[in-house]
Amino acid sequence: MSGFAALVARDLRLVWRRPGDVAVVLAFFVVATTLFPLGIGPEANVLARIAAGVLWCAALFAALLSLDRLFAADFEDGTLDLLLLAPWPLELAALAKCGAHWIVTGLPLALLAPFLGVAFGLEPRALLALAATLLVGTPTLSLIGGLAAALTLGARKSGALLALLALPLCVPTLIFGAGAVEALATGGDFGAHLAVLAALALVALATTPWAIAAALRQAGE
Amino acid sequence: MADLHFLANPARFRRFSQRVLPSLAFATVLMMAVGLYMALIQSPPDYQQGDTVRIMFVHVPSAWLGMAGYALLAGLGASLLIWRHPLAALMARASAPVGAGFCAVCLLTGSLWGRPMWGAYWVWDARLTSMLLLFFLYLGHIALSRAYDEPERGDRAAAILALIGVINLPIIKFSVDWWNTLHQPASVARLGGPSIHPSILIPLLWMAATLLLLFVLLVLLRTDTEIDRRRLENAEPQS
């Protein structure tokens with residue numbers, strides 16, 4: 001377990017030394033959400049209606065944008081070879097990398113989203129709901145995105161390919177994430193949506209580390 | 001299972017497919033001719049849908065084969081990762097575009113049927129949407145298997161993707177159904193009644209068998225081509 005903590009701490013330290021990388025992702029999130037009112041028009045009721053879906057889609061794209069370097073830097077400088085040789089499971093290393101990714105992207109996105117929701121005219125209850133769904137849902141995005149990043153390690157045009165692989169697999173999270181906020185507005189069952197979102201996160205947590213480790217092993221051969 | 005392992009050797013598979021392919025092609029053409037006659041001429045037009053019901057004879061089997069093709073990809077992926085069968089990789093590479101093709105035929109024929117029946121080429125119906133997502137999964141598989149300079153790496157990455165995809169397919173299907181019932185717009189006319197009349201059902205099953213033969217034929221043919229291509233790539237250049 002100390003290896004797990006050390007790996008998370010190392011990744012966080014790397015980000016801390018170059019905070020610009022995270023700032024770019026958050027800036028993309030803000031700019032991308034700003035484009036929707038510009039493209040759709042400023043009618044307040046329309047914007048409030050689409051806010052959850054727009055913010056969820058933008059968060060999904062922002063999370064994917066930051067993923068293509070998740071394993072690539074380690075692959076290039078040989079860290080990945082050491083992780084493969086290390087005496088503790090590669091699955092834990094994969095989990096640590098995805099966890100660190102979530103701390104530096106999923107968590108700030110979830111905290112930032114309510115402020116953007118205000119601009120879309122969401123009511124306070126919906127703002128809290130939005131942050132809650134993103135907190136529960138973004139770990140799934142980090143895990144599935146981590147798998148796509150591991151599969152495309154060393155591929156040609158890996159960035160676009162990563163998005164093509166990850167986006168269809170992220171559809172359930174998107175549906176229940178945005179659906180939860182909408183359920184709150186229309187009197188549906190918010191708790192049920194959040195529970196399914198958590199279930200999706202747990203399924204991803206239970207399956208993807210093995211797949212990521214398998215992908216990393218075949219990349220390291 | 002023993003027979004499948006026997007065919008895992010590309011040279012043996014080659015001999016098998018060379019023997020089977022001509023008669024398989026002949027059978028497919030013959031069944032297709034009979035099936036098209038049954039579907040397009042012999043079967044009666046539907047009392048509500050008229051002649052557009054004939055689209056279903058291609059549409060429904062394509063949907064089945066599109067889904068079965070992904071299950072085949074997952075099976076081949078598992079056999080590549082577990083037994084390292086060299087043929088499984090080549091067959092997965094050969095069958096992914098065939099499965100994606102049947103998916104595309106299903107989506108296109110569905111949209112042609114939807115225009116006169118539902119009044120729109122596309123509606124965000126749960127079944128349409130999950131079929132579209134299945135098509136995207138195929139595209140990801142095809143792109144990933146061809147994205148590496150060393151084809152073996154692409155094969156193994158795509159195999160892992162197919163296995164994860166097959167776990168996710170029911171989840172995607174379930175969530176799209178859920179999403180659709182939440183967003184249900186004006187209710188859409190449903191195909192057929194509680195049961196299908198034999199005059200429609202028999203041509204449908206015949207066409208399903210025909211298209212299954214076509215699927216097998218295309219996969220075998222393309223696997224042969226993949227074996228040749230891999231041999232060419234691995235051949236030492238003559239100096």
# chains A, B, ... in the order shown; residues from 1 in each chain; ligands from 1
call {"tool": "residues_around", "arguments": {"residues": "A:Leu164", "least_positions_apart": "6", "cutoff": "12 Å", "atoms": "only C-alpha atoms", "output": "ChimeraX atom specification"}}
result
/A:61,64,144-145,148-149,151-152,157-158,170-171 /B:133,135-144,161
call {"tool": "residues_around", "arguments": {"residues": "stretch 10-24 of chain B", "least_positions_apart": "2", "cutoff": "12 Å", "atoms": "only C-alpha atoms", "output": "ChimeraX atom specification"}}
result
/B:3-8,26-32,85-91,210,212-228,230-231
call {"tool": "select_by_dssp", "arguments": {"residues": "stretch 40-191 of chain B", "states": "alpha helix (DSSP H)", "output": "PDB file with C-alpha atoms, in the first residue's frame"}}
result
ATOM      1  CA  MET B  56     -37.408  -5.683 -42.437  1.00  0.00           C
ATOM      2  CA  PHE B  57     -36.181  -8.821 -44.230  1.00  0.00           C
ATOM      3  CA  VAL B  58     -32.752  -7.221 -44.441  1.00  0.00           C
ATOM      4  CA  HIS B  59     -32.971  -4.930 -41.437  1.00  0.00           C
ATOM      5  CA  VAL B  60     -33.753  -7.440 -38.697  1.00  0.00           C
ATOM      6  CA  PRO B  61     -31.140 -10.089 -39.655  1.00  0.00           C
ATOM      7  CA  SER B  62     -28.551  -7.305 -39.991  1.00  0.00           C
ATOM      8  CA  ALA B  63     -29.291  -6.190 -36.452  1.00  0.00           C
ATOM      9  CA  TRP B  64     -28.907  -9.760 -35.165  1.00  0.00           C
ATOM     10  CA  LEU B  65     -25.643 -10.251 -37.042  1.00  0.00           C
ATOM     11  CA  GLY B  66     -24.337  -6.860 -35.950  1.00  0.00           C
ATOM     12  CA  MET B  67     -24.797  -7.908 -32.330  1.00  0.00           C
ATOM     13  CA  ALA B  68     -23.582 -11.479 -32.868  1.00  0.00           C
ATOM     14  CA  GLY B  69     -20.490 -10.079 -34.596  1.00  0.00           C
ATOM     15  CA  TYR B  70     -19.474  -8.213 -31.468  1.00  0.00           C
ATOM     16  CA  ALA B  71     -19.908 -11.353 -29.383  1.00  0.00           C
ATOM     17  CA  LEU B  72     -17.656 -13.112 -31.917  1.00  0.00           C
ATOM     18  CA  LEU B  73     -15.061 -10.336 -31.528  1.00  0.00           C
ATOM     19  CA  ALA B  74     -15.120 -10.767 -27.760  1.00  0.00           C
ATOM     20  CA  GLY B  75     -14.759 -14.544 -28.081  1.00  0.00           C
ATOM     21  CA  LEU B  76     -11.849 -14.155 -30.472  1.00  0.00           C
ATOM     22  CA  GLY B  77     -10.307 -11.567 -28.160  1.00  0.00           C
ATOM     23  CA  ALA B  78     -10.539 -13.960 -25.215  1.00  0.00           C
ATOM     24  CA  SER B  79      -9.000 -16.800 -27.209  1.00  0.00           C
ATOM     25  CA  LEU B  80      -6.154 -14.509 -28.322  1.00  0.00           C
ATOM     26  CA  LEU B  81      -5.442 -13.353 -24.760  1.00  0.00           C
ATOM     27  CA  ILE B  82      -5.855 -16.773 -23.136  1.00  0.00           C
ATOM     28  CA  TRP B  83      -4.388 -19.221 -25.676  1.00  0.00           C
ATOM     29  CA  PRO B  86      -2.448 -16.525 -33.884  1.00  0.00           C
ATOM     30  CA  LEU B  87      -5.544 -17.122 -35.987  1.00  0.00           C
ATOM     31  CA  ALA B  88      -7.892 -15.443 -33.477  1.00  0.00           C
ATOM     32  CA  ALA B  89      -6.135 -12.117 -34.028  1.00  0.00           C
ATOM     33  CA  LEU B  90      -6.379 -12.404 -37.795  1.00  0.00           C
ATOM     34  CA  MET B  91     -10.004 -13.453 -37.659  1.00  0.00           C
ATOM     35  CA  ALA B  92     -10.902 -10.595 -35.287  1.00  0.00           C
ATOM     36  CA  ARG B  93      -9.191  -8.175 -37.666  1.00  0.00           C
ATOM     37  CA  ALA B  94     -11.156  -9.716 -40.542  1.00  0.00           C
ATOM     38  CA  SER B  95     -14.554  -9.868 -38.849  1.00  0.00           C
ATOM     39  CA  ALA B  96     -14.729  -6.430 -37.183  1.00  0.00           C
ATOM     40  CA  PRO B  97     -15.431  -4.536 -40.441  1.00  0.00           C
ATOM     41  CA  VAL B  98     -17.990  -7.207 -41.448  1.00  0.00           C
ATOM     42  CA  GLY B  99     -19.843  -6.777 -38.151  1.00  0.00           C
ATOM     43  CA  ALA B 100     -19.624  -3.000 -38.456  1.00  0.00           C
ATOM     44  CA  GLY B 101     -20.981  -3.321 -42.003  1.00  0.00           C
ATOM     45  CA  PHE B 102     -24.035  -5.262 -40.828  1.00  0.00           C
ATOM     46  CA  CYS B 103     -24.518  -2.635 -38.101  1.00  0.00           C
ATOM     47  CA  ALA B 104     -24.391   0.101 -40.722  1.00  0.00           C
ATOM     48  CA  VAL B 105     -26.841  -1.775 -42.983  1.00  0.00           C
ATOM     49  CA  CYS B 106     -29.169  -2.130 -40.001  1.00  0.00           C
ATOM     50  CA  LEU B 107     -28.978   1.606 -39.233  1.00  0.00           C
ATOM     51  CA  LEU B 108     -29.381   2.664 -42.886  1.00  0.00           C
ATOM     52  CA  THR B 109     -32.287   0.335 -43.667  1.00  0.00           C
ATOM     53  CA  GLY B 110     -33.881   1.325 -40.367  1.00  0.00           C
ATOM     54  CA  SER B 111     -33.673   4.971 -41.274  1.00  0.00           C
ATOM     55  CA  LEU B 112     -35.124   4.311 -44.750  1.00  0.00           C
ATOM     56  CA  TRP B 113     -37.983   2.433 -43.096  1.00  0.00           C
ATOM     57  CA  GLY B 114     -38.428   5.155 -40.469  1.00  0.00           C
ATOM     58  CA  ARG B 115     -38.968   7.934 -43.002  1.00  0.00           C
ATOM     59  CA  PRO B 116     -42.310   6.659 -44.372  1.00  0.00           C
ATOM     60  CA  MET B 117     -43.367   4.954 -41.108  1.00  0.00           C
ATOM     61  CA  TRP B 118     -42.351   7.354 -38.366  1.00  0.00           C
ATOM     62  CA  ALA B 126     -33.629   3.396 -27.378  1.00  0.00           C
ATOM     63  CA  ARG B 127     -32.965   0.562 -29.827  1.00  0.00           C
ATOM     64  CA  LEU B 128     -31.684   2.894 -32.549  1.00  0.00           C
ATOM     65  CA  THR B 129     -29.404   4.662 -30.122  1.00  0.00           C
ATOM     66  CA  SER B 130     -27.899   1.505 -28.650  1.00  0.00           C
ATOM     67  CA  MET B 131     -27.312   0.152 -32.177  1.00  0.00           C
ATOM     68  CA  LEU B 132     -25.507   3.402 -33.039  1.00  0.00           C
ATOM     69  CA  LEU B 133     -23.342   3.056 -29.932  1.00  0.00           C
ATOM     70  CA  LEU B 134     -22.561  -0.550 -30.899  1.00  0.00           C
ATOM     71  CA  PHE B 135     -21.454   0.794 -34.287  1.00  0.00           C
ATOM     72  CA  PHE B 136     -19.152   3.263 -32.492  1.00  0.00           C
ATOM     73  CA  LEU B 137     -17.681   0.399 -30.441  1.00  0.00           C
ATOM     74  CA  TYR B 138     -16.934  -1.401 -33.725  1.00  0.00           C
ATOM     75  CA  LEU B 139     -15.282   1.733 -35.110  1.00  0.00           C
ATOM     76  CA  GLY B 140     -13.093   1.975 -32.004  1.00  0.00           C
ATOM     77  CA  HIS B 141     -12.102  -1.681 -32.359  1.00  0.00           C
ATOM     78  CA  ILE B 142     -11.243  -1.290 -36.054  1.00  0.00           C
ATOM     79  CA  ALA B 143      -9.279   1.922 -35.487  1.00  0.00           C
ATOM     80  CA  LEU B 144      -7.380   0.524 -32.497  1.00  0.00           C
ATOM     81  CA  SER B 145      -6.385  -2.733 -34.196  1.00  0.00           C
ATOM     82  CA  PRO B 151       0.162  -5.307 -35.931  1.00  0.00           C
ATOM     83  CA  GLU B 152       0.466  -7.745 -32.997  1.00  0.00           C
ATOM     84  CA  ARG B 153       0.176  -4.875 -30.514  1.00  0.00           C
ATOM     85  CA  GLY B 154      -2.965  -3.609 -32.217  1.00  0.00           C
ATOM     86  CA  ASP B 155      -4.427  -7.117 -32.123  1.00  0.00           C
ATOM     87  CA  ARG B 156      -3.924  -7.493 -28.391  1.00  0.00           C
ATOM     88  CA  ALA B 157      -5.095  -3.960 -27.527  1.00  0.00           C
ATOM     89  CA  ALA B 158      -8.229  -4.512 -29.625  1.00  0.00           C
ATOM     90  CA  ALA B 159      -8.807  -7.871 -27.903  1.00  0.00           C
ATOM     91  CA  ILE B 160      -8.804  -6.174 -24.480  1.00  0.00           C
ATOM     92  CA  LEU B 161     -11.142  -3.508 -25.831  1.00  0.00           C
ATOM     93  CA  ALA B 162     -13.562  -6.130 -27.202  1.00  0.00           C
ATOM     94  CA  LEU B 163     -13.741  -7.847 -23.805  1.00  0.00           C
ATOM     95  CA  ILE B 164     -14.372  -4.580 -21.958  1.00  0.00           C
ATOM     96  CA  GLY B 165     -16.871  -3.610 -24.649  1.00  0.00           C
ATOM     97  CA  VAL B 166     -18.847  -6.811 -24.263  1.00  0.00           C
ATOM     98  CA  ILE B 167     -19.098  -6.238 -20.487  1.00  0.00           C
ATOM     99  CA  ASN B 168     -20.275  -2.694 -21.152  1.00  0.00           C
ATOM    100  CA  LEU B 169     -22.799  -3.477 -23.878  1.00  0.00           C
ATOM    101  CA  PRO B 170     -25.585  -4.576 -21.496  1.00  0.00           C
ATOM    102  CA  ILE B 171     -24.887  -1.554 -19.281  1.00  0.00           C
ATOM    103  CA  ILE B 172     -25.054   0.789 -22.268  1.00  0.00           C
ATOM    104  CA  LYS B 173     -28.233  -0.898 -23.476  1.00  0.00           C
ATOM    105  CA  PHE B 174     -29.822  -0.622 -20.041  1.00  0.00           C
ATOM    106  CA  SER B 175     -28.905   3.034 -19.580  1.00  0.00           C
ATOM    107  CA  VAL B 176     -30.097   4.004 -23.057  1.00  0.00           C
ATOM    108  CA  ASP B 177     -33.438   2.291 -22.342  1.00  0.00           C
ATOM    109  CA  TRP B 178     -33.645   4.215 -19.067  1.00  0.00           C
ATOM    110  CA  TRP B 179     -32.700   7.472 -20.790  1.00  0.00           C
ATOM    111  CA  ASN B 180     -35.304   6.904 -23.483  1.00  0.00           C
ATOM    112  CA  THR B 181     -38.124   6.314 -21.022  1.00  0.00           C
ATOM    113  CA  LEU B 182     -37.137   9.532 -19.241  1.00  0.00           C
TER     114      LEU B 182
END
call {"tool": "residues_around", "arguments": {"residues": "A:Leu111", "least_positions_apart": "4", "cutoff": "9 Å", "atoms": "only C-alpha atoms", "output": "ChimeraX atom specification"}}
result
/A:106-107,115,131,134-135
call {"tool": "closest_atom_pairs", "arguments": {"of": "chain A", "to": "chain B", "cutoff": "9 Å", "atoms": "only C-alpha atoms", "output": "JSON lines"}}
result
{"residue": "A:Leu147", "atom": "CA", "partner": "B:Leu161", "partner_atom": "CA", "distance": 8.8}
{"residue": "A:Ala148", "atom": "CA", "partner": "B:Leu161", "partner_atom": "CA", "distance": 8.4}
{"residue": "A:Ala150", "atom": "CA", "partner": "B:Ala157", "partner_atom": "CA", "distance": 8.8}
{"residue": "A:Leu151", "atom": "CA", "partner": "B:Ala157", "partner_atom": "CA", "distance": 5.5}
{"residue": "A:Thr152", "atom": "CA", "partner": "B:Leu144", "partner_atom": "CA", "distance": 7.2}
{"residue": "A:Gly154", "atom": "CA", "partner": "B:Tyr148", "partner_atom": "CA", "distance": 7.4}
{"residue": "A:Ala155", "atom": "CA", "partner": "B:Tyr148", "partner_atom": "CA", "distance": 5.0}
{"residue": "A:Arg156", "atom": "CA", "partner": "B:Ala147", "partner_atom": "CA", "distance": 5.4}
{"residue": "A:Lys157", "atom": "CA", "partner": "B:Ala147", "partner_atom": "CA", "distance": 7.7}
{"residue": "A:Ser158", "atom": "CA", "partner": "B:Ala147", "partner_atom": "CA", "distance": 8.1}
{"residue": "A:Leu161", "atom": "CA", "partner": "B:Leu144", "partner_atom": "CA", "distance": 7.1}
{"residue": "A:Leu162", "atom": "CA", "partner": "B:Gly140", "partner_atom": "CA", "distance": 8.8}
{"residue": "A:Leu164", "atom": "CA", "partner": "B:Gly140", "partner_atom": "CA", "distance": 5.7}
{"residue": "A:Leu165", "atom": "CA", "partner": "B:Gly140", "partner_atom": "CA", "distance": 5.1}
{"residue": "A:Ala166", "atom": "CA", "partner": "B:Gly140", "partner_atom": "CA", "distance": 8.7}
{"residue": "A:Leu167", "atom": "CA", "partner": "B:Phe136", "partner_atom": "CA", "distance": 9.0}
{"residue": "A:Pro168", "atom": "CA", "partner": "B:Leu133", "partner_atom": "CA", "distance": 6.1}
{"residue": "A:Leu169", "atom": "CA", "partner": "B:Asn168", "partner_atom": "CA", "distance": 6.8}
{"residue": "A:Cys170", "atom": "CA", "partner": "B:Ile172", "partner_atom": "CA", "distance": 8.7}
{"residue": "A:Val171", "atom": "CA", "partner": "B:Ile172", "partner_atom": "CA", "distance": 6.8}
{"residue": "A:Pro172", "atom": "CA", "partner": "B:Ser175", "partner_atom": "CA", "distance": 5.4}
{"residue": "A:Thr173", "atom": "CA", "partner": "B:Ser175", "partner_atom": "CA", "distance": 8.6}
{"residue": "A:Ile175", "atom": "CA", "partner": "B:Trp179", "partner_atom": "CA", "distance": 6.4}
{"residue": "A:Phe176", "atom": "CA", "partner": "B:Ser175", "partner_atom": "CA", "distance": 7.6}
{"residue": "A:Gly179", "atom": "CA", "partner": "B:Trp179", "partner_atom": "CA", "distance": 7.6}
{"residue": "A:Ala183", "atom": "CA", "partner": "B:Leu182", "partner_atom": "CA", "distance": 8.8}
{"residue": "A:Leu200", "atom": "CA", "partner": "B:Ile171", "partner_atom": "CA", "distance": 8.7}
{"residue": "A:Thr207", "atom": "CA", "partner": "B:Ile164", "partner_atom": "CA", "distance": 8.3}
{"residue": "A:Thr208", "atom": "CA", "partner": "B:Ile164", "partner_atom": "CA", "distance": 8.1}
{"residue": "A:Ala211", "atom": "CA", "partner": "B:Ile160", "partner_atom": "CA", "distance": 6.7}
{"residue": "A:Ile212", "atom": "CA", "partner": "B:Ile160", "partner_atom": "CA", "distance": 8.9}
{"residue": "A:Ala214", "atom": "CA", "partner": "B:Ile160", "partner_atom": "CA", "distance": 7.7}
{"residue": "A:Ala215", "atom": "CA", "partner": "B:Ala157", "partner_atom": "CA", "distance": 6.3}
{"residue": "A:Gln218", "atom": "CA", "partner": "B:Arg153", "partner_atom": "CA", "distance": 7.0}
{"residue": "A:Ala219", "atom": "CA", "partner": "B:Arg153", "partner_atom": "CA", "distance": 7.2}
call {"tool": "residues_around", "arguments": {"residues": "stretch 11-16 of chain A", "least_positions_apart": "5", "cutoff": "8 Å", "atoms": "only C-alpha atoms", "output": "ChimeraX atom specification"}}
result
/A:21-22,97,100,104
call {"tool": "write_last_selection", "arguments": {"atoms": "C-alpha atoms", "output": "CSV table (one decimal), in the first residue's frame"}}
result
chain,number,residue,atom,x,y,z
A,21,ASP,CA,-1.3,21.4,-17.2
A,22,VAL,CA,-4.3,21.3,-14.9
A,97,LYS,CA,-2.5,6.6,-11.7
A,100,ALA,CA,-4.2,10.8,-9.1
A,104,VAL,CA,-6.2,16.8,-10.4
call {"tool": "atom_distance", "arguments": {"atom1": "atom CA of A:Gly117", "atom2": "atom CA of A:Ser66"}}
result
22.2 Å
call {"tool": "atom_distance", "arguments": {"atom1": "atom CA of B:Ala39", "atom2": "atom CA of B:Met207"}}
result
7.9 Å
call {"tool": "closest_residue", "arguments": {"among": "A:Leu95, A:Ala52, A:Ala192, A:Ala204", "to": "A:Ala129", "atoms": "only C-alpha atoms"}}
result
A:Ala52
call {"tool": "residues_around", "arguments": {"residues": "stretch 199-202 of chain B", "least_positions_apart": "6", "cutoff": "10 Å", "atoms": "only C-alpha atoms", "output": "VMD selection string"}}
result
chain B and resid 35 38 to 39 42 to 46 53 to 54 56 to 57 208
call {"tool": "atom_distance", "arguments": {"atom1": "atom CA of A:Ala32", "atom2": "atom CA of A:Gly137"}}
result
19.5 Å
